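Some notes on the structure that comes next.
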Amino acid sequence: MTEPVKDATPEQSAAWHRTFAPQAFNRTWELLDLDVRTSEEDEEMLSSTFTQRFHWYQIGDARNRAIADWQVSRVAAVLGYAELSQRFGERSLAVCVEHDLDAFVRGFAHEAIARAAAEVDDVETFTEHLELAKALLPDIEDIEDRDILAADLAEMSEE
């Protein structure tokens with residue numbers, strides 16, 4: 001059995017969080033991007049998204065935390081956990097509002113809530129948050145970021 005590191009310094013702990021947060025975030029994306037996943041990969045994806053969230057909440061700033069919550073919401077929606085998806089979409093938006101985060105992150109928080117609402121056929125919430133996300137598109141200065149959000153919103157509008 002592997003023994004835990006005893007008496008890790010705060011600097012060591014922070015370094016581990018800075019290492020594991022993006023690794024787990026990126027692993028989650030690799031799994032999300034698969035056309036077909038096994039049930040084991042679905043379980044790994046759920047685990048990895050909560051792992052990235054845990055680590056970002058230890059060392060990240062508000063933007064990192066909002067994006068971490070957004071990713072949990074996306075994974076939960078993909079796996080059919082609508083209530084969990086809504087919960088973390090709302091958490092993402094709350095962090096965005098509390099810290100006045102940029103339009104890109106706020107747009108994706110609204111996208112998450114709309115996606116969760118779509119899972120339970122809540123047309124009113126879906127439409128409200130889809131429109132709020134679309135309204136933020138002109139405020140996103142980075143063209144690539146704007147196009148990423150616009151593509152996700154267009155995909156949701158087609159479904």
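The chains in the structure tokens are called A, B, ... from first to last as shown; in each chain the residues are counted from 1, and the ligands are counted from 1 in the order shown.
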
(request) Among the residues of range 19-123 of chain A, find those DSSP assigns to alpha helix (DSSP H) from the backbone and print them as a ChimeraX atom specification. (result) /A:19-32,39-59,62-78,82-98,103-119,123

(request) Determine, counting only C-alpha atoms, which protein, DNA and RNA residues have an atom within 6 Å of an atom of range 109-124 of chain A; residues of the same chain fewer than 3 positions away are not included. Present the result as an MDAnalysis selection string. (result) chainID A and resid 77 82 85:86 89 92:93 106 127 129:130 133

(message) Calculated over only C-alpha atoms, which of the candidates A:Arg87, A:Ile140, A:Val78, A:Ala62 has the smallest distance to His99 in chain A?
(response)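 Ranking A:Arg87, A:Ile140, A:Val78, A:Ala62 by distance to His99 in chain A, first place goes to A:Ala62.
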
(message) I'd like the neighbourhood of Ser157 in chain A as a ChimeraX atom specification, where a residue qualifies if any of its atoms comes within 10 Å (using only C-alpha atoms), though same-chain residues fewer than 2 positions away should be ignored.
(response) /A:126-127,130,151-155,159

(request) Write out as a list in words the residues lying within 8 Å of Leu46 in chain A, counting only C-alpha atoms and excluding same-chain residues fewer than 5 positions away. (result)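 Non-adjacent residues within range: Thr28, Val72, Val75 and Ala76 of chain A.
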
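Across the model, the gap from CA of Cys96 in chain A to CA of Met156 in chain A is 21.6 Å.
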
(message) I'd like to know which of A:Trp29, A:Phe20, A:Tyr81, A:Phe88 is closest to Gln58 in chain A, using only C-alpha atoms.
(response) A:Phe20

(message) Using only C-alpha atoms, can you tell me which of A:Gln71, A:Thr2, A:Thr38, A:Gln23 comes closest to His55 in chain A?
(response)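 Of A:Gln71, A:Thr2, A:Thr38, A:Gln23, the one nearest His55 in chain A, counting only C-alpha atoms, is A:Gln23.
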
(message) Using Å and a single decimal, report how far CA of Glu98 in chain A sits from CA of Gly80 in chain A.
(response) 28.3 Å

(message) From the options A:Ala94, A:Pro22, A:Leu31, A:Glu40, which residue's atoms come nearest to Arg53 in chain A, counting only C-alpha atoms?
(response)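 Closest to Arg53 in chain A of all the choices is A:Pro22.
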
(message) Restricting the calculation to only C-alpha atoms: of A:Glu11, A:Glu144, A:Glu41, A:Asp139, which residue gets closest to Ile59 in chain A?
(response) A:Glu11

Could you give me, as a Markdown table, a per-residue list for range 4-85 of chain A showing, wherever an atom lies at most 12 Å from an atom of range 100-103 of chain A, the closest pair of atoms and their distance in Å to one decimal, using only C-alpha atoms and sorting by chain then residue number from low to high?
| residue | atom | partner | partner_atom | distance |
| --- | --- | --- | --- | --- |
| A:Asp61 | CA | A:Leu101 | CA | 10.8 |
| A:Ala62 | CA | A:Leu101 | CA | 7.9 |
| A:Arg63 | CA | A:Leu101 | CA | 6.7 |
| A:Asn64 | CA | A:Leu101 | CA | 10.5 |
| A:Arg65 | CA | A:Leu101 | CA | 11.0 |
| A:Ala66 | CA | A:Leu101 | CA | 8.8 |
| A:Ile67 | CA | A:Leu101 | CA | 10.7 |

Keeping only N, CA and C atoms, write the selected residues to a file as a PDB file, in the first residue's frame.
ATOM      1  N   ASP A  61      -8.400  30.765  -9.249  1.00  0.00           N
ATOM      2  CA  ASP A  61      -9.107  32.019  -9.008  1.00  0.00           C
ATOM      3  C   ASP A  61     -10.584  31.816  -9.353  1.00  0.00           C
ATOM      4  N   ALA A  62     -11.357  32.873  -9.270  1.00  0.00           N
ATOM      5  CA  ALA A  62     -12.800  32.770  -9.510  1.00  0.00           C
ATOM      6  C   ALA A  62     -13.095  32.238 -10.915  1.00  0.00           C
ATOM      7  N   ARG A  63     -12.333  32.676 -11.897  1.00  0.00           N
ATOM      8  CA  ARG A  63     -12.546  32.206 -13.274  1.00  0.00           C
ATOM      9  C   ARG A  63     -12.308  30.695 -13.365  1.00  0.00           C
ATOM     10  N   ASN A  64     -11.243  30.209 -12.745  1.00  0.00           N
ATOM     11  CA  ASN A  64     -10.972  28.767 -12.726  1.00  0.00           C
ATOM     12  C   ASN A  64     -12.133  28.013 -12.073  1.00  0.00           C
ATOM     13  N   ARG A  65     -12.641  28.556 -10.974  1.00  0.00           N
ATOM     14  CA  ARG A  65     -13.728  27.887 -10.248  1.00  0.00           C
ATOM     15  C   ARG A  65     -15.014  27.862 -11.078  1.00  0.00           C
ATOM     16  N   ALA A  66     -15.325  28.968 -11.736  1.00  0.00           N
ATOM     17  CA  ALA A  66     -16.532  29.009 -12.571  1.00  0.00           C
ATOM     18  C   ALA A  66     -16.431  28.014 -13.725  1.00  0.00           C
ATOM     19  N   ILE A  67     -15.262  27.931 -14.344  1.00  0.00           N
ATOM     20  CA  ILE A  67     -15.068  26.991 -15.451  1.00  0.00           C
ATOM     21  C   ILE A  67     -15.093  25.559 -14.938  1.00  0.00           C
TER      22      ILE A  67
END

(message) Excluding Leu137 in chain A and its own-chain neighbours fewer than 2 positions away, which residues fall within 10 Å of it when counting only C-alpha atoms? Please give them as a list in words.
(response)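 Everything that qualifies: Ala103, Phe104, Gly107, Leu132, Ala133, Lys134, Ala135, Asp139, Ile140, Glu141, Ile143, Asp145, Arg146, Asp147, Leu149 and Ala150 of chain A.
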
(request) Fewer than 2 positions away in the same chain doesn't count, so skip those; otherwise give me all residues within 12 Å of Thr19 in chain A, counting only C-alpha atoms, as a PyMOL selection string. (result) chain A and resi 12-17+21-26+51-52+55-56+58-60
